[in-house]
file run_31.csv (CSV, C-alpha atoms and all ligand atoms)
chain,number,residue,atom,x,y,z
A,509,MET,CA,-18.5,-10.6,0.8
A,510,THR,CA,-21.1,-10.9,-2.0
A,511,SER,CA,-23.0,-7.8,-3.3
A,512,ALA,CA,-26.2,-9.2,-1.7
A,513,GLU,CA,-24.5,-9.3,1.7
A,514,HIS,CA,-23.2,-5.8,1.1
A,515,LEU,CA,-26.7,-4.6,0.4
A,516,ILE,CA,-28.2,-6.3,3.5
A,517,LEU,CA,-25.5,-4.7,5.6
A,518,ARG,CA,-26.2,-1.3,4.1
A,519,GLU,CA,-29.9,-1.6,4.7
A,520,LEU,CA,-29.5,-2.8,8.3
A,521,LEU,CA,-26.9,-0.1,9.1
A,522,ALA,CA,-29.4,2.5,7.7
A,523,ARG,CA,-32.1,1.2,10.0
A,524,GLU,CA,-30.0,0.6,13.1
A,525,PRO,CA,-31.2,0.2,15.9
A,526,ASN,CA,-34.6,-0.5,14.3
A,527,TRP,CA,-35.8,-3.7,12.7
A,528,LEU,CA,-36.0,-4.6,9.0
A,529,SER,CA,-38.4,-7.3,7.9
A,530,GLY,CA,-37.1,-10.3,6.1
A,531,SER,CA,-39.7,-9.8,3.4
A,532,ALA,CA,-38.5,-6.2,2.8
A,533,LEU,CA,-35.0,-7.5,2.5
A,534,ALA,CA,-36.0,-10.3,0.2
A,535,ALA,CA,-38.0,-7.9,-2.0
A,536,LYS,CA,-35.0,-5.5,-2.2
A,537,LEU,CA,-32.7,-8.3,-3.2
A,538,GLY,CA,-35.2,-10.1,-5.4
A,539,VAL,CA,-34.6,-13.4,-3.6
A,540,SER,CA,-36.6,-15.6,-1.2
A,541,ARG,CA,-36.7,-15.1,2.6
A,542,VAL,CA,-34.7,-18.4,2.9
A,543,ALA,CA,-32.0,-17.0,0.7
A,544,VAL,CA,-31.9,-13.8,2.9
A,545,TRP,CA,-31.5,-16.1,6.0
A,546,GLN,CA,-28.6,-17.9,4.3
A,547,HIS,CA,-26.9,-14.5,3.6
A,548,MET,CA,-27.5,-13.6,7.3
A,549,GLU,CA,-25.7,-16.7,8.4
A,550,LYS,CA,-22.7,-15.8,6.3
A,551,LEU,CA,-22.7,-12.4,7.8
A,552,ARG,CA,-22.8,-14.0,11.3
A,553,ALA,CA,-19.8,-16.1,10.4
A,554,ALA,CA,-18.0,-12.9,9.4
A,555,GLY,CA,-18.5,-11.4,12.9
A,556,PHE,CA,-21.8,-9.6,12.7
A,557,ALA,CA,-24.5,-10.3,15.3
A,558,PHE,CA,-28.2,-9.9,14.6
A,559,GLU,CA,-31.4,-10.3,16.5
A,560,ALA,CA,-34.1,-12.2,14.5
A,561,GLN,CA,-37.8,-12.3,15.3
A,562,ARG,CA,-40.4,-13.8,13.0
A,563,ALA,CA,-42.8,-10.9,13.3
A,564,ARG,CA,-40.2,-8.1,13.0
A,565,GLY,CA,-37.3,-9.4,10.9
A,566,TYR,CA,-33.7,-8.6,11.7
A,567,ARG,CA,-31.7,-5.9,13.4
A,568,LEU,CA,-28.0,-5.4,13.8
A,569,VAL,CA,-26.7,-5.7,17.4
A,570,GLY,CA,-23.0,-6.4,17.0
A,571,ARG,CA,-20.3,-5.8,14.4
A,572,PRO,CA,-16.7,-6.9,14.0
A,573,SER,CA,-14.2,-4.7,15.8
A,574,ALA,CA,-11.4,-5.5,13.5
A,575,PRO,CA,-10.9,-3.6,10.2
A,576,HIS,CA,-13.7,-4.8,7.8
A,577,ALA,CA,-13.8,-3.8,4.2
A,578,ALA,CA,-17.6,-3.9,3.7
A,579,LEU,CA,-18.3,-2.1,7.0
A,580,ILE,CA,-15.9,0.7,6.1
A,581,GLU,CA,-17.2,0.9,2.5
A,582,THR,CA,-20.9,0.9,3.5
A,583,GLN,CA,-20.3,3.8,6.0
A,584,LEU,CA,-18.1,5.9,3.7
A,585,LYS,CA,-19.9,9.0,2.7
A,586,VAL,CA,-17.3,10.4,0.2
A,587,HIS,CA,-16.7,8.5,-3.1
A,588,PRO,CA,-14.1,10.1,-5.3
A,589,ARG,CA,-14.2,8.7,-8.8
A,590,GLY,CA,-12.4,5.3,-9.0
A,591,PHE,CA,-11.8,5.2,-5.3
A,592,SER,CA,-11.1,1.7,-3.9
A,593,LEU,CA,-10.3,0.2,-0.5
A,594,LEU,CA,-8.0,-2.6,0.3
A,595,VAL,CA,-8.3,-4.1,3.8
A,596,LEU,CA,-5.6,-6.6,4.9
A,597,ASP,CA,-5.1,-8.7,7.9
A,598,GLU,CA,-1.4,-8.3,7.9
A,599,VAL,CA,1.1,-6.3,5.8
A,600,ASP,CA,4.7,-5.1,6.2
A,601,SER,CA,3.7,-1.5,6.0
A,602,THR,CA,0.5,0.0,4.5
A,603,ASN,CA,2.7,2.8,2.9
A,604,ASP,CA,4.8,0.1,1.2
A,605,GLU,CA,1.8,-1.8,0.1
A,606,ALA,CA,0.3,1.4,-1.4
A,607,VAL,CA,3.5,2.0,-3.3
A,608,ARG,CA,3.4,-1.6,-4.7
A,609,GLN,CA,-0.3,-1.1,-5.7
A,610,LEU,CA,0.6,2.2,-7.4
A,611,ALA,CA,3.4,0.5,-9.3
A,612,ALA,CA,1.0,-2.3,-10.3
A,613,GLY,CA,-1.3,0.4,-11.8
A,614,ARG,CA,-4.1,0.6,-9.2
A,615,VAL,CA,-6.2,3.7,-9.9
A,616,ALA,CA,-5.8,6.4,-7.3
A,617,PRO,CA,-7.1,7.5,-4.9
A,618,PHE,CA,-7.2,4.3,-2.9
A,619,ALA,CA,-6.7,3.4,0.7
A,620,VAL,CA,-4.9,0.5,2.3
A,621,VAL,CA,-5.9,-0.5,5.9
A,622,ALA,CA,-4.3,-3.3,7.8
A,623,ARG,CA,-5.1,-4.9,11.2
A,624,ARG,CA,-1.4,-5.3,11.8
A,625,GLN,CA,1.9,-4.2,10.3
A,626,THR,CA,5.0,-6.2,10.6
A,627,HIS,CA,7.3,-3.3,9.6
A,628,GLY,CA,5.3,-0.2,10.3
A,629,ARG,CA,7.5,2.8,9.7
A,630,GLY,CA,7.6,6.2,11.3
A,631,ARG,CA,9.6,9.4,10.3
A,632,LEU,CA,13.4,9.4,10.5
A,633,GLY,CA,13.5,5.6,9.9
A,634,ARG,CA,11.9,4.8,13.2
A,635,ALA,CA,9.6,1.8,13.7
A,636,TRP,CA,5.9,2.4,14.3
A,637,HIS,CA,4.5,-0.1,16.8
A,638,SER,CA,1.8,-1.9,14.9
A,639,GLU,CA,0.2,-4.7,16.8
A,640,ALA,CA,-3.2,-6.1,16.1
A,641,ASN,CA,-4.7,-4.3,19.1
A,642,GLY,CA,-7.5,-2.2,17.7
A,643,ASN,CA,-5.4,0.6,16.3
A,644,LEU,CA,-5.6,2.1,12.8
A,645,TYR,CA,-2.9,1.7,10.2
A,646,VAL,CA,-3.9,3.3,7.0
A,647,SER,CA,-2.3,4.8,3.9
A,648,VAL,CA,-4.1,6.8,1.2
A,649,ALA,CA,-2.5,7.1,-2.2
A,650,PHE,CA,-3.0,10.0,-4.6
A,651,ARG,CA,-1.6,11.2,-7.9
A,652,PRO,CA,-1.4,14.9,-7.5
A,653,ARG,CA,0.7,15.8,-10.6
A,654,VAL,CA,1.9,19.1,-9.1
A,655,PRO,CA,5.4,20.4,-8.4
A,656,PRO,CA,6.7,19.1,-5.0
A,657,GLU,CA,7.0,22.7,-3.6
A,658,ARG,CA,3.1,22.9,-3.8
A,659,MET,CA,2.9,20.1,-1.2
A,660,GLY,CA,4.9,21.9,1.6
A,661,ALA,CA,2.0,22.2,4.1
A,662,PHE,CA,0.2,19.0,3.0
A,663,THR,CA,1.0,16.8,6.1
A,664,LEU,CA,0.2,19.7,8.5
A,665,TRP,CA,-3.1,20.3,6.7
A,666,MET,CA,-3.9,16.6,7.0
A,667,GLY,CA,-3.0,16.6,10.7
A,668,LEU,CA,-5.3,19.6,11.3
A,669,ASN,CA,-8.1,17.7,9.6
A,670,VAL,CA,-7.4,14.6,11.7
A,671,CYS,CA,-7.5,16.7,14.9
A,672,GLU,CA,-10.7,18.4,13.9
A,673,PHE,CA,-12.2,15.1,13.0
A,674,LEU,CA,-11.3,13.5,16.3
A,675,ALA,CA,-12.6,16.5,18.3
A,676,ASN,CA,-16.0,16.1,16.5
A,677,PHE,CA,-16.1,12.4,16.4
A,678,ALA,CA,-14.8,11.4,19.8
A,679,HIS,CA,-15.4,14.6,21.7
A,680,VAL,CA,-11.7,14.8,22.7
A,681,THR,CA,-9.2,17.7,22.5
A,682,PRO,CA,-6.2,16.7,20.5
A,683,GLY,CA,-3.2,18.8,19.6
A,684,LEU,CA,-0.9,18.9,16.6
A,685,LYS,CA,2.8,19.0,17.2
A,686,TRP,CA,4.7,20.1,14.1
A,687,PRO,CA,5.4,18.4,11.9
A,688,ASN,CA,3.4,15.2,12.3
A,689,ASP,CA,2.4,14.2,15.8
A,690,ILE,CA,-1.1,14.0,17.1
A,691,LEU,CA,-1.0,14.4,20.9
A,692,PHE,CA,-3.1,14.4,24.0
A,693,GLY,CA,-1.1,16.3,26.5
A,694,SER,CA,2.4,15.1,26.2
A,695,ARG,CA,1.4,11.6,24.9
A,696,LYS,CA,1.2,10.6,21.3
A,697,ALA,CA,-1.9,9.1,19.8
A,698,GLY,CA,-1.1,9.4,16.1
A,699,GLY,CA,1.7,10.0,13.6
A,700,MET,CA,1.7,10.8,9.9
A,701,LEU,CA,4.2,9.8,7.3
A,702,THR,CA,3.8,11.3,3.8
A,703,GLU,CA,6.0,9.9,1.1
A,704,ALA,CA,6.1,11.1,-2.5
A,705,ARG,CA,7.8,9.8,-5.7
A,706,VAL,CA,8.8,12.6,-8.0
A,707,ASP,CA,9.3,12.6,-11.8
A,708,ALA,CA,11.4,15.4,-13.1
A,709,ASP,CA,9.6,18.4,-11.5
A,710,GLN,CA,6.2,16.8,-10.8
A,711,ILE,CA,5.0,14.5,-8.1
A,712,ARG,CA,4.1,11.2,-9.7
A,713,ASP,CA,2.3,9.8,-6.7
A,714,LEU,CA,2.0,10.5,-3.0
A,715,VAL,CA,1.1,8.2,-0.1
A,716,PHE,CA,-0.3,9.7,3.1
A,717,GLY,CA,0.2,7.2,6.0
A,718,LEU,CA,-1.5,7.6,9.3
A,719,GLY,CA,-1.1,5.5,12.4
A,720,LEU,CA,-3.8,6.3,15.0
A,721,ASN,CA,-4.1,4.6,18.4
A,722,VAL,CA,-7.8,3.9,18.6
A,723,ASN,CA,-8.7,1.1,20.9
A,724,SER,CA,-5.4,-0.3,22.3
A,725,PRO,CA,-5.9,-0.8,26.1
A,726,ALA,CA,-4.2,1.2,28.8
A,727,GLY,CA,-1.2,-0.8,30.0
A,728,GLY,CA,-0.8,-2.5,26.7
A,729,TRP,CA,2.2,-0.5,25.5
A,730,PRO,CA,5.6,-2.1,25.6
A,731,GLY,CA,8.6,-0.4,27.2
A,732,ASP,CA,9.1,3.2,26.7
A,733,LEU,CA,5.8,3.6,24.8
A,734,ALA,CA,3.9,3.1,28.1
A,735,ARG,CA,4.7,6.8,29.1
A,736,ARG,CA,4.8,8.3,25.6
A,737,ALA,CA,1.8,6.7,23.8
A,738,ILE,CA,-1.9,6.9,24.4
A,739,SER,CA,-5.0,5.7,22.6
A,740,LEU,CA,-8.4,7.4,22.0
A,741,ALA,CA,-10.1,4.8,24.1
A,742,GLU,CA,-7.8,5.7,27.0
A,743,VAL,CA,-8.5,9.4,26.5
A,744,SER,CA,-12.3,9.1,26.1
A,745,GLY,CA,-12.7,6.2,28.6
A,746,VAL,CA,-14.7,4.0,26.2
A,747,PRO,CA,-13.8,1.9,23.1
A,748,LEU,CA,-14.7,3.4,19.8
A,749,ASP,CA,-16.5,1.7,16.9
A,750,PHE,CA,-13.4,1.1,14.8
A,751,ASN,CA,-15.0,0.7,11.4
A,752,ARG,CA,-17.3,3.7,11.8
A,753,LEU,CA,-14.3,5.8,12.8
A,754,ALA,CA,-12.2,4.4,9.9
A,755,ALA,CA,-14.9,5.3,7.4
A,756,ALA,CA,-15.6,8.7,8.7
A,757,LEU,CA,-11.9,9.5,9.0
A,758,LEU,CA,-11.2,8.3,5.5
A,759,GLY,CA,-14.0,10.5,4.2
A,760,ARG,CA,-12.4,13.5,6.0
A,761,VAL,CA,-9.0,12.7,4.5
A,762,LEU,CA,-10.4,12.4,1.0
A,763,LEU,CA,-12.2,15.8,1.3
A,764,ALA,CA,-9.1,17.4,2.9
A,765,TYR,CA,-7.0,16.2,-0.1
A,766,ASP,CA,-9.5,17.9,-2.5
A,767,ASN,CA,-9.4,21.1,-0.4
A,768,PHE,CA,-5.6,21.0,-0.6
A,769,SER,CA,-5.5,20.4,-4.3
A,770,ASP,CA,-7.9,23.2,-5.2
A,771,GLY,CA,-6.2,25.7,-2.8
A,772,SER,CA,-9.4,26.2,-0.7
A,773,TYR,CA,-7.6,24.9,2.3
A,774,MET,CA,-6.0,28.3,2.7
A,775,LYS,CA,-9.3,29.7,3.9
A,776,THR,CA,-9.3,27.7,7.1
A,777,PHE,CA,-5.7,26.6,7.6
A,778,ALA,CA,-4.8,29.5,9.9
A,779,ASP,CA,-7.9,29.1,12.1
A,780,LEU,CA,-7.3,25.4,12.5
A,781,TRP,CA,-3.6,25.9,13.1
A,782,HIS,CA,-4.4,28.3,16.0
A,783,ARG,CA,-6.9,25.8,17.4
A,784,TYR,CA,-4.6,22.7,17.4
A,785,ASP,CA,-1.0,23.8,17.3
A,786,VAL,CA,0.7,23.0,20.6
A,787,LEU,CA,4.0,24.7,20.0
A,788,ARG,CA,3.3,28.4,19.5
A,789,GLY,CA,5.2,30.6,21.9
A,790,LYS,CA,6.8,27.6,23.5
A,791,PRO,CA,10.6,27.2,24.1
A,792,ILE,CA,11.8,24.2,22.1
A,793,THR,CA,14.9,22.4,20.9
A,794,LEU,CA,14.8,21.4,17.3
A,795,LEU,CA,17.2,18.7,16.1
A,796,GLU,CA,17.9,19.0,12.4
A,797,ALA,CA,20.7,17.2,10.4
A,798,GLY,CA,22.5,16.4,13.7
A,799,ARG,CA,22.4,20.1,15.0
A,800,ARG,CA,20.4,21.4,17.9
A,801,HIS,CA,18.6,24.7,17.7
A,802,HIS,CA,17.1,26.4,20.7
A,803,GLY,CA,14.4,29.1,20.5
A,804,THR,CA,10.8,30.0,20.8
A,805,VAL,CA,8.3,29.0,18.2
A,806,ALA,CA,7.1,32.0,16.3
A,807,GLY,CA,4.7,30.3,13.9
A,808,LEU,CA,4.7,28.8,10.4
A,809,ASP,CA,5.5,30.2,7.0
A,810,ASP,CA,3.3,29.7,3.9
A,811,GLU,CA,5.1,26.4,3.0
A,812,GLY,CA,4.5,24.9,6.5
A,813,ALA,CA,8.1,25.5,7.6
A,814,LEU,CA,8.5,26.2,11.4
A,815,LEU,CA,9.7,29.6,12.4
A,816,LEU,CA,12.1,29.6,15.4
A,817,ARG,CA,13.2,32.8,17.2
A,818,ASP,CA,16.5,32.5,19.0
A,819,ASP,CA,17.7,34.4,22.1
A,820,HIS,CA,19.1,37.1,19.9
A,821,GLY,CA,15.8,37.8,18.2
A,822,ARG,CA,16.8,36.1,14.9
A,823,THR,CA,14.2,34.0,13.2
A,824,GLN,CA,15.2,30.8,11.3
A,825,ARG,CA,12.9,28.6,9.3
A,826,PHE,CA,13.0,24.8,9.3
A,827,ARG,CA,11.3,22.5,6.8
A,828,ALA,CA,12.0,19.4,8.9
A,829,GLY,CA,13.3,18.4,12.3
A,830,GLU,CA,12.5,16.8,15.6
A,831,VAL,CA,11.0,19.0,18.2
A,832,THR,CA,11.4,18.6,21.9
A,833,LEU,CA,9.5,21.0,24.2
A,834,GLU,CA,11.9,22.5,26.8
A,835,LYS,CA,10.9,22.2,30.4
A,836,THR,CA,9.9,25.5,31.8
A,837,ALA,CA,10.2,26.3,35.5
B,901,LIG,C1,5.6,9.1,12.9
B,901,LIG,O1,5.0,9.5,13.8
B,901,LIG,O2,6.8,9.0,12.8
B,901,LIG,C2,4.8,8.6,11.7
B,901,LIG,C3,4.1,7.3,11.9
B,901,LIG,C4,3.3,6.8,10.7
B,901,LIG,C5,2.8,5.4,10.9
B,901,LIG,C6,1.8,5.0,9.8
B,901,LIG,S1,1.0,3.6,10.2
B,901,LIG,C7,0.3,3.5,8.6
B,901,LIG,C8,1.5,3.9,7.7
B,901,LIG,N1,2.3,2.7,7.4
B,901,LIG,C9,3.5,2.9,7.9
B,901,LIG,O3,4.4,2.0,7.8
B,901,LIG,N2,3.6,4.0,8.5
B,901,LIG,C10,2.4,4.8,8.5
call {"tool": "encode", "arguments": {"input": "run_31.csv", "output": "C-alpha cells"}}
result
Amino acid sequence: MTSAEHLILRELLAREPNWLSGSALAAKLGVSRVAVWQHMEKLRAAGFAFEAQRARGYRLVGRPSAPHAALIETQLKVHPRGFSLLVLDEVDSTNDEAVRQLAAGRVAPFAVVARRQTHGRGRLGRAWHSEANGNLYVSVAFRPRVPPERMGAFTLWMGLNVCEFLANFAHVTPGLKWPNDILFGSRKAGGMLTEARVDADQIRDLVFGLGLNVNSPAGGWPGDLARRAISLAEVSGVPLDFNRLAAALLGRVLLAYDNFSDGSYMKTFADLWHRYDVLRGKPITLLEAGRRHHGTVAGLDDEGALLLRDDHGRTQRFRAGEVTLEKTA
C-alpha cells in the first residue's frame, strides 16, 4: 500500500462514519481529484468499501476482516521508537518468524501477525490450532537485556493485560488460568507462549506469542476443541472488527511491556490478579515433570510461581506445570 493510500485511510477512519470530500483529500495529498479516485479504486481492490457521492465525497462503509497491515498501523495508538509490524498471509509460526527476524537484525520491538499458521505451537510442545478463520496469531519481539529471573511474572502480567483489554474492548468477562490460559468459563479463548534466548546471564531477546480466538464461528472447531475452545464472537454473540481489535490489543501489549520493564506493573498486578485469576482457593491437580500434585491454590509468589497448599497444610511453589481443576461435589 502506498503512503498516499495510507493517508487516505487514516483520514477516512478519523472521519468515520462521516463524509470526507474528494477535494479535501486531494488538497491533503497534493494531487488531483482524479488521482484520489485512482487511489480509492486500489483500496477497493484491497477489500475496503466506500460510498462515493459527488456532493459529499467519500466515506468508509466496509473494511477487510482479514489481518491488514495498514489498517492495524493506522489504528495503533502506541508507537515505541523503531516499532514495525509484519503481516503475513501464512507462516509456520509467528513466534518462529519473530526469531528469524531477530536473527536477521530487525529492530525490536516489532510484531508479526499471520492470518494462518501451519505449525502454530502451544506450551509443552503442543500444537495450536491456527486456521484462517478470523482468529489472531501474533508475536511481539523485545530485547529486554535483563537477567532471566526478572521476567518471572511476565507472561502472567501480559495475560492480565489481555484480560483487562478484552473486558473493556468487547465487554466480556474473561479469566486467567495460571500460567497462560485465557478462559471463558471452562473454555479456552486464548493462550500465550513466551520464549526467550539467553546470553550468559542476560536475556538477549524475548518473543511474546498470543493466540486469541476472535471470530471463528461456533461449531467450527475440530474434534476435542469443540468442547474446550471458544471464540470472542461466540461469547459476545457478534463478530468483532478484527483489525481494530488487533491494533488496540497490540497497543496494550506494548504499554504492558513498558510497565513491566520499569517495574510500575507492581502497582496494579495484585488488583488485576484478584480480578481475573480463576484458581484462587480452588482444588487442583498440577502436573509437573511427570508428577501429580494435589492441593488448594493459595496464590502466587513475587516471581509468579503458583503456591499450592496440600492436605497437610504444607505449601509448595511451582514455576511451571499443567493445572486441572478438580471437580467439586
Ligand atoms: C498455549 O496455550 O499453549 C499457548 C498458545 C500460543 C499460541 C500462539 S499463536 C501465535 C504464536 N505463534 C505460535 O506458534 N504460538 C503462539
call {"tool": "closest_atom_pairs", "arguments": {"input": "run_31.csv", "of": "chain A", "to": "ligand LIG 901 (chain B)", "cutoff": "9 Å", "atoms": "only C-alpha atoms and all ligand atoms", "output": "JSON lines"}}
result
{"residue": "A:Asp600", "atom": "CA", "partner": "B:LIG901", "partner_atom": "O3", "distance": 7.3}
{"residue": "A:Ser601", "atom": "CA", "partner": "B:LIG901", "partner_atom": "O3", "distance": 4.0}
{"residue": "A:Thr602", "atom": "CA", "partner": "B:LIG901", "partner_atom": "N1", "distance": 4.4}
{"residue": "A:Asn603", "atom": "CA", "partner": "B:LIG901", "partner_atom": "N1", "distance": 4.5}
{"residue": "A:Asp604", "atom": "CA", "partner": "B:LIG901", "partner_atom": "O3", "distance": 6.9}
{"residue": "A:Glu605", "atom": "CA", "partner": "B:LIG901", "partner_atom": "N1", "distance": 8.6}
{"residue": "A:Val620", "atom": "CA", "partner": "B:LIG901", "partner_atom": "C7", "distance": 8.7}
{"residue": "A:Val621", "atom": "CA", "partner": "B:LIG901", "partner_atom": "C7", "distance": 7.9}
{"residue": "A:Ala622", "atom": "CA", "partner": "B:LIG901", "partner_atom": "C7", "distance": 8.2}
{"residue": "A:Gln625", "atom": "CA", "partner": "B:LIG901", "partner_atom": "O3", "distance": 7.1}
{"residue": "A:Thr626", "atom": "CA", "partner": "B:LIG901", "partner_atom": "O3", "distance": 8.7}
{"residue": "A:His627", "atom": "CA", "partner": "B:LIG901", "partner_atom": "O3", "distance": 6.3}
{"residue": "A:Gly628", "atom": "CA", "partner": "B:LIG901", "partner_atom": "O3", "distance": 3.4}
{"residue": "A:Arg629", "atom": "CA", "partner": "B:LIG901", "partner_atom": "O3", "distance": 3.7}
{"residue": "A:Gly630", "atom": "CA", "partner": "B:LIG901", "partner_atom": "O2", "distance": 3.3}
{"residue": "A:Arg631", "atom": "CA", "partner": "B:LIG901", "partner_atom": "O2", "distance": 3.8}
{"residue": "A:Leu632", "atom": "CA", "partner": "B:LIG901", "partner_atom": "O2", "distance": 7.0}
{"residue": "A:Gly633", "atom": "CA", "partner": "B:LIG901", "partner_atom": "O2", "distance": 8.1}
{"residue": "A:Arg634", "atom": "CA", "partner": "B:LIG901", "partner_atom": "O2", "distance": 6.6}
{"residue": "A:Ala635", "atom": "CA", "partner": "B:LIG901", "partner_atom": "O2", "distance": 7.8}
{"residue": "A:Trp636", "atom": "CA", "partner": "B:LIG901", "partner_atom": "C5", "distance": 5.5}
{"residue": "A:His637", "atom": "CA", "partner": "B:LIG901", "partner_atom": "C5", "distance": 8.2}
{"residue": "A:Ser638", "atom": "CA", "partner": "B:LIG901", "partner_atom": "S1", "distance": 7.3}
{"residue": "A:Leu644", "atom": "CA", "partner": "B:LIG901", "partner_atom": "S1", "distance": 7.3}
{"residue": "A:Tyr645", "atom": "CA", "partner": "B:LIG901", "partner_atom": "C7", "distance": 4.0}
{"residue": "A:Val646", "atom": "CA", "partner": "B:LIG901", "partner_atom": "C7", "distance": 4.5}
{"residue": "A:Ser647", "atom": "CA", "partner": "B:LIG901", "partner_atom": "C8", "distance": 5.4}
{"residue": "A:Asn688", "atom": "CA", "partner": "B:LIG901", "partner_atom": "O1", "distance": 6.1}
{"residue": "A:Asp689", "atom": "CA", "partner": "B:LIG901", "partner_atom": "O1", "distance": 5.7}
{"residue": "A:Ile690", "atom": "CA", "partner": "B:LIG901", "partner_atom": "O1", "distance": 8.3}
{"residue": "A:Lys696", "atom": "CA", "partner": "B:LIG901", "partner_atom": "O1", "distance": 8.5}
{"residue": "A:Gly698", "atom": "CA", "partner": "B:LIG901", "partner_atom": "O1", "distance": 6.5}
{"residue": "A:Gly699", "atom": "CA", "partner": "B:LIG901", "partner_atom": "O1", "distance": 3.3}
{"residue": "A:Met700", "atom": "CA", "partner": "B:LIG901", "partner_atom": "C2", "distance": 4.2}
{"residue": "A:Leu701", "atom": "CA", "partner": "B:LIG901", "partner_atom": "C2", "distance": 4.6}
{"residue": "A:Thr702", "atom": "CA", "partner": "B:LIG901", "partner_atom": "C10", "distance": 8.1}
{"residue": "A:Val715", "atom": "CA", "partner": "B:LIG901", "partner_atom": "C8", "distance": 8.9}
{"residue": "A:Phe716", "atom": "CA", "partner": "B:LIG901", "partner_atom": "C8", "distance": 7.6}
{"residue": "A:Gly717", "atom": "CA", "partner": "B:LIG901", "partner_atom": "C8", "distance": 3.9}
{"residue": "A:Leu718", "atom": "CA", "partner": "B:LIG901", "partner_atom": "C6", "distance": 4.2}
{"residue": "A:Gly719", "atom": "CA", "partner": "B:LIG901", "partner_atom": "S1", "distance": 3.6}
{"residue": "A:Leu720", "atom": "CA", "partner": "B:LIG901", "partner_atom": "S1", "distance": 7.3}
call {"tool": "atom_distance", "arguments": {"input": "run_31.csv", "atom1": "atom CA of Asn526 of chain A", "atom2": "atom CA of Leu568 of chain A"}}
result
8.2 Å
call {"tool": "residues_around", "arguments": {"input": "run_31.csv", "residues": "segment 730-743 of chain A", "least_positions_apart": "4", "cutoff": "8 Å", "atoms": "all atoms listed in the file", "output": "VMD selection string"}}
result
chain A and resid 678 680 692 694 to 697 720 to 726 747 to 748
call {"tool": "atom_distance", "arguments": {"input": "run_31.csv", "atom1": "atom CA of His547 of chain A", "atom2": "atom CA of Leu579 of chain A"}}
result
15.5 Å
call {"tool": "residues_around", "arguments": {"input": "run_31.csv", "residues": "Arg705 of chain A", "least_positions_apart": "5", "cutoff": "12 Å", "atoms": "all atoms listed in the file", "output": "PyMOL selection string"}}
result
chain A and resi 607+610-611+649-656+710-716
call {"tool": "closest_residue", "arguments": {"input": "run_31.csv", "among": "A:Val569, A:Ala704, A:Leu517, A:Ala828", "to": "Leu794 of chain A", "atoms": "all atoms listed in the file"}}
result
A:Ala828
call {"tool": "closest_residue", "arguments": {"input": "run_31.csv", "among": "A:Tyr784, A:Val706, A:Trp686, A:Thr663", "to": "Val805 of chain A", "atoms": "only C-alpha atoms"}}
result
A:Trp686
call {"tool": "closest_residue", "arguments": {"input": "run_31.csv", "among": "A:Glu703, A:Glu657, A:Asp766, A:Asp785", "to": "Pro617 of chain A", "atoms": "only C-alpha atoms"}}
result
A:Asp766
call {"tool": "closest_residue", "arguments": {"input": "run_31.csv", "among": "A:Glu639, A:Phe662, A:Phe618, A:Gly555", "to": "Gly771 of chain A", "atoms": "all atoms listed in the file"}}
result
A:Phe662
call {"tool": "atom_distance", "arguments": {"input": "run_31.csv", "atom1": "atom CA of Glu549 of chain A", "atom2": "atom CA of Leu521 of chain A"}}
result
16.7 Å
call {"tool": "residues_around", "arguments": {"input": "run_31.csv", "residues": "Phe768 of chain A", "least_positions_apart": "5", "cutoff": "10 Å", "atoms": "only C-alpha atoms", "output": "list in words"}}
result
Arg658, Met659, Ala661, Phe662, Trp665, Met666, Leu762, Leu763, Tyr773, Met774 and Phe777 of chain A
call {"tool": "closest_residue", "arguments": {"input": "run_31.csv", "among": "A:Thr793, A:Thr832, A:Ser592, A:Asn669", "to": "Asp818 of chain A", "atoms": "all atoms listed in the file"}}
result
A:Thr793
call {"tool": "residues_around", "arguments": {"input": "run_31.csv", "residues": "Arg825 of chain A", "least_positions_apart": "4", "cutoff": "12 Å", "atoms": "all atoms listed in the file", "output": "ChimeraX atom specification"}}
result
/A:794,796,801,803-818,829
call {"tool": "write_last_selection", "arguments": {"input": "run_31.csv", "atoms": "C-alpha atoms", "output": "PDB file, in the frame of the given file"}}
result
ATOM      1  CA  LEU A 794      14.800  21.400  17.300  1.00  0.00           C
ATOM      2  CA  GLU A 796      17.900  19.000  12.400  1.00  0.00           C
ATOM      3  CA  HIS A 801      18.600  24.700  17.700  1.00  0.00           C
ATOM      4  CA  GLY A 803      14.400  29.100  20.500  1.00  0.00           C
ATOM      5  CA  THR A 804      10.800  30.000  20.800  1.00  0.00           C
ATOM      6  CA  VAL A 805       8.300  29.000  18.200  1.00  0.00           C
ATOM      7  CA  ALA A 806       7.100  32.000  16.300  1.00  0.00           C
ATOM      8  CA  GLY A 807       4.700  30.300  13.900  1.00  0.00           C
ATOM      9  CA  LEU A 808       4.700  28.800  10.400  1.00  0.00           C
ATOM     10  CA  ASP A 809       5.500  30.200   7.000  1.00  0.00           C
ATOM     11  CA  ASP A 810       3.300  29.700   3.900  1.00  0.00           C
ATOM     12  CA  GLU A 811       5.100  26.400   3.000  1.00  0.00           C
ATOM     13  CA  GLY A 812       4.500  24.900   6.500  1.00  0.00           C
ATOM     14  CA  ALA A 813       8.100  25.500   7.600  1.00  0.00           C
ATOM     15  CA  LEU A 814       8.500  26.200  11.400  1.00  0.00           C
ATOM     16  CA  LEU A 815       9.700  29.600  12.400  1.00  0.00           C
ATOM     17  CA  LEU A 816      12.100  29.600  15.400  1.00  0.00           C
ATOM     18  CA  ARG A 817      13.200  32.800  17.200  1.00  0.00           C
ATOM     19  CA  ASP A 818      16.500  32.500  19.000  1.00  0.00           C
ATOM     20  CA  GLY A 829      13.300  18.400  12.300  1.00  0.00           C
TER      21      GLY A 829
END
call {"tool": "closest_residue", "arguments": {"input": "run_31.csv", "among": "A:Leu551, A:Ala606, A:Leu780, A:Val786", "to": "Glu513 of chain A", "atoms": "only C-alpha atoms"}}
result
A:Leu551
call {"tool": "residues_around", "arguments": {"input": "run_31.csv", "residues": "Ala543 of chain A", "least_positions_apart": "6", "cutoff": "12 Å", "atoms": "all atoms listed in the file", "output": "PyMOL selection string"}}
result
chain A and resi 512-513+516+530-531+533-535+537+549-550
